[in-house]
$ cat run_24.txt   # compact mmCIF, C-alpha atoms
# COMPACT_ATOMS: atom_id res chain seq x y z
CA MET A 1 7.78 49.48 51.56
CA ARG A 2 4.74 47.87 49.90
CA ARG A 3 5.74 49.49 46.64
CA VAL A 4 9.22 47.94 46.89
CA VAL A 5 7.74 44.47 47.59
CA VAL A 6 5.39 44.74 44.60
CA LEU A 7 8.24 45.78 42.34
CA LEU A 8 10.36 42.87 43.57
CA ILE A 9 7.48 40.41 42.87
CA LEU A 10 6.97 41.84 39.39
CA ALA A 11 10.67 41.67 38.69
CA ALA A 12 10.80 38.04 39.85
CA GLY A 13 7.83 37.23 37.60
CA LEU A 14 9.47 38.85 34.59
CA ILE A 15 12.67 36.95 35.25
CA THR A 16 10.72 33.66 35.44
CA VAL A 17 8.85 34.39 32.19
CA GLY A 18 12.08 35.40 30.51
CA CYS A 19 13.69 32.16 31.58
CA GLN A 20 10.73 30.13 30.28
CA GLN A 21 10.74 31.96 26.95
CA SER A 22 14.46 31.46 26.50
CA ARG A 23 14.32 27.77 27.40
CA LYS A 24 15.14 25.61 24.38
CA PRO A 25 14.64 21.88 23.79
CA ALA A 26 17.49 19.80 25.14
CA VAL A 27 17.97 18.04 21.76
CA SER A 28 18.02 19.24 18.18
CA GLU A 29 14.99 19.12 15.90
CA LYS A 30 16.67 16.44 13.76
CA ALA A 31 17.50 14.26 16.76
CA CYS A 32 13.90 14.44 17.97
CA LEU A 33 12.54 13.42 14.56
CA ASP A 34 15.16 10.69 14.14
CA LEU A 35 14.12 9.19 17.47
CA ALA A 36 10.44 9.18 16.47
CA ASN A 37 11.33 7.44 13.20
CA ALA A 38 13.51 4.92 15.05
CA TYR A 39 10.64 4.08 17.40
CA TYR A 40 8.40 3.49 14.38
CA THR A 41 10.95 1.40 12.46
CA ASN A 42 11.42 -0.85 15.48
CA GLY A 43 7.72 -1.39 16.09
CA LEU A 44 7.38 0.92 19.11
CA TYR A 45 4.35 2.58 17.59
CA GLN A 46 2.84 4.31 20.64
CA ALA A 47 6.28 5.63 21.59
CA ALA A 48 6.65 6.90 18.02
CA VAL A 49 3.32 8.75 18.26
CA ASN A 50 4.37 10.36 21.55
CA GLN A 51 7.68 11.44 20.06
CA TYR A 52 6.04 12.89 16.94
CA LEU A 53 3.73 14.90 19.22
CA GLN A 54 6.78 16.12 21.16
CA TYR A 55 8.35 17.11 17.85
CA LEU A 56 5.24 19.14 16.97
CA HIS A 57 5.17 20.78 20.39
CA ASP A 58 8.83 21.73 20.77
CA TYR A 59 9.84 23.09 17.38
CA PRO A 60 8.55 25.94 15.16
CA LEU A 61 7.60 23.81 12.14
CA LYS A 62 6.27 25.10 8.85
CA PRO A 63 2.58 24.30 8.11
CA GLU A 64 3.49 21.69 5.49
CA ARG A 65 5.74 19.86 7.97
CA GLN A 66 3.03 20.04 10.66
CA ALA A 67 0.44 18.59 8.28
CA ASN A 68 2.77 15.78 7.25
CA THR A 69 3.52 14.91 10.88
CA TYR A 70 -0.14 14.84 11.90
CA TYR A 71 -0.78 12.64 8.85
CA THR A 72 2.03 10.30 9.92
CA ILE A 73 0.53 10.03 13.41
CA ALA A 74 -2.89 9.28 11.94
CA ASN A 75 -1.39 6.56 9.74
CA VAL A 76 0.34 4.96 12.72
CA TYR A 77 -2.99 4.72 14.53
CA PHE A 78 -4.72 3.45 11.37
CA ASN A 79 -2.19 0.99 9.95
CA ARG A 80 -0.28 -0.17 13.02
CA LEU A 81 -2.33 0.31 16.17
CA ASN A 82 -5.77 -0.26 14.55
CA ASP A 83 -7.12 2.57 16.69
CA TYR A 84 -9.51 4.10 14.15
CA GLN A 85 -10.99 6.57 16.64
CA LYS A 86 -7.59 8.19 17.24
CA ALA A 87 -6.68 7.93 13.57
CA LEU A 88 -9.88 9.81 12.73
CA GLU A 89 -8.95 12.54 15.22
CA TYR A 90 -5.60 13.23 13.54
CA TYR A 91 -6.91 12.92 9.98
CA PHE A 92 -9.44 15.61 10.92
CA LYS A 93 -6.61 17.82 12.20
CA VAL A 94 -4.98 17.69 8.78
CA LYS A 95 -8.28 18.22 6.98
CA TYR A 96 -9.40 21.29 8.90
CA LEU A 97 -6.19 22.87 10.20
CA PHE A 98 -4.31 22.61 6.89
CA PRO A 99 -6.89 22.96 4.11
CA GLN A 100 -4.19 23.87 1.54
CA SER A 101 -2.23 20.66 2.14
CA PRO A 102 -1.76 18.40 -0.92
CA LEU A 103 -2.70 15.54 1.42
CA GLN A 104 -6.37 16.55 1.42
CA LYS A 105 -7.59 13.93 -1.08
CA ASP A 106 -5.81 11.08 0.69
CA VAL A 107 -7.03 12.35 4.05
CA SER A 108 -10.65 12.33 2.87
CA GLN A 109 -10.29 8.72 1.73
CA LYS A 110 -8.74 7.73 5.05
CA ILE A 111 -11.54 9.46 6.98
CA VAL A 112 -14.08 7.41 5.06
CA ALA A 113 -12.06 4.23 5.74
CA CYS A 114 -12.00 5.02 9.48
CA LEU A 115 -15.76 5.59 9.55
CA GLU A 116 -16.37 2.28 7.77
CA ARG A 117 -14.22 0.42 10.28
CA LEU A 118 -16.11 2.10 13.11
CA ASP A 119 -19.40 0.79 11.61
CA ARG A 120 -20.45 4.32 10.68
CA SER A 121 -21.33 3.61 7.04
CA GLN A 122 -23.92 6.40 6.84
CA ASP A 123 -21.33 8.96 7.94
CA ALA A 124 -18.89 7.47 5.42
CA VAL A 125 -21.46 7.86 2.64
CA ARG A 126 -22.11 11.46 3.71
CA VAL A 127 -18.40 12.29 3.53
CA MET A 128 -18.08 10.62 0.13
CA GLU A 129 -21.09 12.49 -1.24
CA LYS A 130 -19.60 15.76 -0.04
CA GLU A 131 -16.32 14.95 -1.80
CA ALA A 132 -18.15 13.79 -4.92
CA ALA A 133 -19.90 17.14 -5.14
CA LEU A 134 -16.46 18.64 -5.73
CA ASP A 135 -15.34 15.95 -8.19
CA THR A 136 -17.53 15.12 -11.18
CA SER A 137 -15.08 12.66 -12.75
CA GLU A 138 -16.94 9.59 -11.50
CA ILE A 139 -20.55 10.68 -11.97
CA HIS A 140 -22.63 7.77 -13.19
CA LYS A 141 -24.86 8.56 -16.14
CA SER A 142 -28.03 6.47 -16.26
CA ARG A 143 -29.41 5.16 -19.52
CA PRO A 144 -32.92 6.22 -20.64
CA GLY A 145 -35.97 4.55 -19.15
CA ALA A 146 -38.12 4.41 -16.03
CA VAL A 147 -36.26 4.56 -12.71
CA LEU A 148 -36.30 1.05 -11.21
CA ALA A 149 -34.16 1.68 -8.12
CA THR A 150 -32.22 4.44 -6.39
CA ILE A 151 -28.99 4.15 -4.41
CA GLY A 152 -28.65 7.47 -2.63
CA LYS A 153 -28.68 9.96 -5.49
CA ARG A 154 -27.80 7.42 -8.15
CA LYS A 155 -30.57 5.92 -10.31
CA ILE A 156 -30.83 2.54 -12.01
CA THR A 157 -33.16 2.72 -14.98
CA GLN A 158 -34.89 0.25 -17.26
CA GLY A 159 -32.23 1.13 -19.82
CA ASP A 160 -29.48 0.14 -17.36
CA LEU A 161 -31.18 -3.21 -16.66
CA ASP A 162 -31.73 -3.93 -20.37
CA PHE A 163 -28.09 -3.07 -21.08
CA GLU A 164 -26.88 -5.58 -18.46
CA ILE A 165 -29.09 -8.29 -19.95
CA GLN A 166 -27.83 -7.56 -23.47
CA LYS A 167 -24.24 -8.06 -22.31
CA LEU A 168 -25.03 -11.68 -21.41
CA PRO A 169 -24.53 -14.56 -23.85
CA PRO A 170 -27.70 -15.34 -25.88
CA TYR A 171 -28.43 -18.56 -23.97
CA LEU A 172 -28.41 -16.60 -20.69
CA GLN A 173 -30.44 -13.67 -22.03
CA ALA A 174 -33.34 -16.08 -22.56
CA GLN A 175 -33.45 -16.68 -18.79
CA PHE A 176 -34.30 -13.03 -18.08
CA LYS A 177 -37.49 -12.58 -20.06
CA SER A 178 -39.86 -12.86 -17.11
CA LYS A 179 -40.56 -9.96 -14.74
CA GLU A 180 -39.47 -12.04 -11.72
CA LYS A 181 -36.09 -12.90 -13.24
CA LYS A 182 -35.51 -9.25 -14.16
CA LYS A 183 -36.35 -8.28 -10.58
CA GLU A 184 -33.76 -10.77 -9.29
CA LEU A 185 -31.13 -9.33 -11.62
CA LEU A 186 -32.00 -5.78 -10.51
CA GLN A 187 -31.52 -6.78 -6.87
CA GLN A 188 -28.16 -8.33 -7.75
CA LEU A 189 -27.08 -5.11 -9.50
CA VAL A 190 -28.07 -3.03 -6.47
CA LEU A 191 -26.22 -5.32 -4.06
CA GLN A 192 -23.17 -5.36 -6.31
CA ASP A 193 -23.10 -1.56 -6.29
CA LEU A 194 -23.46 -1.45 -2.50
CA LEU A 195 -20.63 -3.92 -2.03
CA TYR A 196 -18.46 -2.06 -4.55
CA GLU A 197 -18.97 1.31 -2.85
CA SER A 198 -18.29 -0.22 0.58
CA ALA A 199 -15.12 -1.86 -0.76
CA LYS A 200 -13.96 1.49 -2.17
CA ARG A 201 -14.53 3.18 1.16
CA LYS A 202 -12.44 0.52 2.86
CA GLY A 203 -9.57 1.19 0.49
CA LEU A 204 -9.74 -2.14 -1.34
CA ALA A 205 -9.04 -0.39 -4.64
CA LYS A 206 -5.41 -0.41 -3.50
CA ASP A 207 -5.44 -4.06 -2.37
CA LYS A 208 -2.69 -5.96 -4.21
CA ASP A 209 -5.00 -8.87 -5.09
CA VAL A 210 -7.59 -6.48 -6.50
CA ILE A 211 -4.97 -4.62 -8.54
CA GLU A 212 -3.63 -7.92 -9.92
CA GLY A 213 -7.17 -9.12 -10.69
CA VAL A 214 -8.02 -5.91 -12.52
CA PHE A 215 -4.84 -6.21 -14.56
CA GLU A 216 -5.60 -9.83 -15.50
CA ALA A 217 -9.21 -8.96 -16.38
CA LYS A 218 -8.03 -6.07 -18.53
CA LYS A 219 -5.58 -8.36 -20.34
CA ALA A 220 -8.35 -10.89 -21.02
CA LEU A 221 -10.77 -8.21 -22.26
CA MET A 222 -8.17 -6.66 -24.55
CA ALA A 223 -7.15 -10.07 -25.92
CA ASN A 224 -10.78 -10.99 -26.62
CA LYS A 225 -11.38 -7.63 -28.28
CA LEU A 226 -8.39 -8.17 -30.55
CA LEU A 227 -9.63 -11.64 -31.44
CA GLN A 228 -13.05 -10.25 -32.36
CA GLN A 229 -11.46 -7.63 -34.60
CA GLU A 230 -9.04 -10.07 -36.22
CA LEU A 231 -11.60 -12.80 -36.86
CA LYS A 232 -14.55 -10.61 -37.78
CA ASP A 233 -13.69 -10.27 -41.48
CA LYS A 234 -11.89 -13.60 -41.81
CA VAL A 235 -14.61 -15.87 -40.49
CA LYS A 236 -17.66 -15.69 -42.70
CA ILE A 237 -19.89 -18.41 -44.07
CA ASP A 238 -22.45 -18.46 -46.85
CA PRO A 239 -25.34 -20.90 -47.49
CA GLU A 240 -23.46 -22.74 -50.22
CA GLU A 241 -20.53 -23.45 -47.88
CA VAL A 242 -22.91 -24.81 -45.26
CA GLN A 243 -24.44 -27.25 -47.76
CA LEU A 244 -21.01 -28.40 -48.95
CA TYR A 245 -19.92 -28.94 -45.33
CA TYR A 246 -23.07 -30.99 -44.70
CA LYS A 247 -22.44 -33.21 -47.74
CA ALA A 248 -18.83 -33.76 -46.67
CA ASN A 249 -19.83 -34.67 -43.11
CA LYS A 250 -23.22 -36.43 -43.51
CA ASP A 251 -22.12 -39.26 -41.22
CA LYS A 252 -21.60 -36.73 -38.41
CA TYR A 253 -25.31 -35.83 -38.46
CA ALA A 254 -26.75 -39.32 -38.98
CA GLU A 255 -28.90 -41.23 -36.51
CA ARG A 256 -27.27 -44.38 -35.13
CA ASP A 257 -28.40 -47.42 -33.23
CA ARG A 258 -26.94 -48.70 -29.97
CA ASN A 259 -24.04 -50.28 -31.80
CA GLY A 260 -23.19 -47.05 -33.61
CA LYS A 261 -24.53 -48.25 -36.94
CA ILE A 262 -26.15 -45.59 -39.13
CA VAL A 263 -29.89 -46.11 -39.42
CA ARG A 264 -30.86 -42.81 -41.04
CA TYR A 265 -29.24 -39.76 -42.56
CA LYS A 266 -30.85 -36.56 -41.32
CA THR A 267 -31.87 -34.12 -44.01
CA PHE A 268 -30.06 -30.84 -44.46
CA ALA A 269 -33.18 -28.96 -43.35
CA GLU A 270 -33.18 -30.87 -40.05
CA VAL A 271 -29.58 -30.04 -39.13
CA GLN A 272 -28.91 -26.81 -41.02
CA GLN A 273 -28.45 -24.69 -37.90
CA GLN A 274 -26.13 -27.23 -36.26
CA VAL A 275 -24.10 -27.59 -39.46
CA ALA A 276 -23.69 -23.80 -39.71
CA GLN A 277 -22.51 -23.61 -36.07
CA ASP A 278 -20.01 -26.44 -36.59
CA LEU A 279 -18.63 -24.85 -39.76
CA LEU A 280 -18.31 -21.49 -38.04
CA ALA A 281 -16.50 -23.03 -35.05
CA GLU A 282 -14.12 -24.87 -37.38
CA LYS A 283 -13.32 -21.68 -39.29
CA GLN A 284 -12.83 -19.73 -36.09
CA GLN A 285 -10.42 -22.33 -34.76
CA LYS A 286 -8.44 -22.29 -37.99
CA ALA A 287 -8.27 -18.47 -38.06
CA TYR A 288 -7.31 -18.42 -34.38
CA GLN A 289 -4.45 -20.85 -34.98
CA GLU A 290 -3.20 -18.82 -37.96
CA LEU A 291 -3.24 -15.66 -35.83
CA ALA A 292 -1.44 -17.41 -32.98
CA ASP A 293 1.24 -18.76 -35.34
CA ARG A 294 1.75 -15.31 -36.89
CA LEU A 295 2.10 -13.56 -33.53
CA MET A 296 4.43 -16.18 -32.10
CA LYS A 297 6.64 -16.02 -35.20
CA ALA A 298 6.72 -12.22 -35.09
CA GLU A 299 7.76 -12.22 -31.42
CA ASP A 300 10.23 -15.11 -31.87
CA VAL A 301 8.48 -17.23 -29.23
CA LYS A 302 10.13 -20.48 -28.15
CA ILE A 303 8.29 -23.02 -26.02
CA TYR A 304 10.40 -25.71 -24.34
CA ASP A 305 7.67 -28.26 -23.73
CA GLN A 306 10.22 -30.99 -22.91
CA ARG A 307 11.04 -29.09 -19.72
CA ILE A 308 7.48 -29.18 -18.45
CA GLN A 309 7.18 -31.43 -15.37

$ encode --input "run_24.txt" --output "structure tokens"
Amino acid sequence: MRRVVVLLILAAGLITVGCQQSRKPAVSEKACLDLANAYYTNGLYQAAVNQYLQYLHDYPLKPERQANTYYTIANVYFNRLNDYQKALEYYFKVKYLFPQSPLQKDVSQKIVACLERLDRSQDAVRVMEKEAALDTSEIHKSRPGAVLATIGKRKITQGDLDFEIQKLPPYLQAQFKSKEKKKELLQQLVLQDLLYESAKRKGLAKDKDVIEGVFEAKKALMANKLLQQELKDKVKIDPEEVQLYYKANKDKYAERDRNGKIVRYKTFAEVQQQVAQDLLAEKQQKAYQELADRLMKAEDVKIYDQRIQ
């Protein structure tokens, strides 16, 4: 009798298991995903997350689809719900459960962004250094000279500092001859690097204002470079030209009284440097205008200044 009871219990258990194994979701895979997307499109972000999780649980998805869905959930938490703790959880799922996913690089960047927003900058730096060890494309190469400062593993040398000073206009370079002024500039360079790295970790490289600013700066740099190349050989002066310019414009360099009356003509030796600068500026302006006219004619530019309001 006991044996019959045991067999009946086992049979009932097998039937129950069989029923559970054969149970299928009430809706199709597509309908489940469509509902999750509809929740998201209509701003029901937490409902969308719950539905995406249901989608992962109920259907036998391929690894690539699973990775993409976890990534979508992480992005909802990051971009819409501002829950960086939960976003971090799901970014980590993609990173460690699907190491072959093509999303890995983006996921690493998002992990760093989450850590920054959670005020975990040291952890963010650690993650970035780990990624950088695998990617040598952005390694900074220091210039020769004594090491003046270190930022993590990066070094700022005397050569780096001298290079930054040399990039300044001559009148500004003169301000950085003292040790104290060089120290101030070094501190500014360090802070600039820290701010830049923090901005990168927060994803500001993709900020639309930053992208537009970089584009405008690139345009300006390229335009200035072209001007330098175009004017380099066309704008030259020799000592004889400088003297002729002085003789033709002596009144310009004369001393005058309160009423503007000339009281003394300065000698060429007194104003030679100023005369040379004025002549150079005049030649540059003339060459610039000739270049502008040539380019505008070549591109058939028309300016309707009468329409300006």

$ closest_residue --input "run_24.txt" --among "A:Ser108, A:Gln309, A:Asn37, A:Gln66" --to "Ala124 (chain A)" --atoms "all atoms listed in the file"
A:Ser108

$ residues_around --input "run_24.txt" --residues "Leu186 (chain A)" --least-positions-apart "2" --cutoff "10 Å" --atoms "all atoms listed in the file" --output "MDAnalysis selection string"
chainID A and resid 148:149 156:158 160:161 164 180:184 188:192

$ atom_distance --input "run_24.txt" --atom1 "CA of Glu230 (chain A)" --atom2 "CA of Tyr304 (chain A)"
27.6 Å

$ atom_distance --input "run_24.txt" --atom1 "CA of Tyr77 (chain A)" --atom2 "CA of Arg126 (chain A)"
23.0 Å

$ atom_distance --input "run_24.txt" --atom1 "CA of Tyr245 (chain A)" --atom2 "CA of Val275 (chain A)"
7.3 Å

$ closest_residue --input "run_24.txt" --among "A:Lys286, A:Lys208, A:Lys110, A:Arg201" --to "Asn75 (chain A)" --atoms "all atoms listed in the file"
A:Lys110

$ closest_residue --input "run_24.txt" --among "A:Ala205, A:Cys114, A:Leu291, A:Ile237" --to "Leu279 (chain A)" --atoms "all atoms listed in the file"
A:Ile237

$ closest_residue --input "run_24.txt" --among "A:Val147, A:Leu168, A:Val112, A:Leu244" --to "Glu197 (chain A)" --atoms "only C-alpha atoms"
A:Val112

$ closest_residue --input "run_24.txt" --among "A:Ile308, A:Ala31, A:Met296, A:Val76" --to "Ala48 (chain A)" --atoms "only C-alpha atoms"
A:Val76

$ residues_around --input "run_24.txt" --residues "Ala113 (chain A)" --least-positions-apart "5" --cutoff "12 Å" --atoms "all atoms listed in the file" --output "VMD selection string"
chain A and resid 75 78 to 79 82 84 to 85 87 to 88 91 106 to 108 118 to 121 123 to 125 127 to 128 197 to 205

$ closest_residue --input "run_24.txt" --among "A:Lys234, A:Ile73, A:Lys206, A:Asp293" --to "Tyr90 (chain A)" --atoms "all atoms listed in the file"
A:Ile73

$ residues_around --input "run_24.txt" --residues "Lys236 (chain A)" --least-positions-apart "3" --cutoff "10 Å" --atoms "all atoms listed in the file" --output "PyMOL selection string"
chain A and resi 231-233+241+279-280+283-284

$ residues_around --input "run_24.txt" --residues "Tyr45 (chain A)" --least-positions-apart "6" --cutoff "8 Å" --atoms "only C-alpha atoms" --output "ChimeraX atom specification"
/A:39,76,80-81
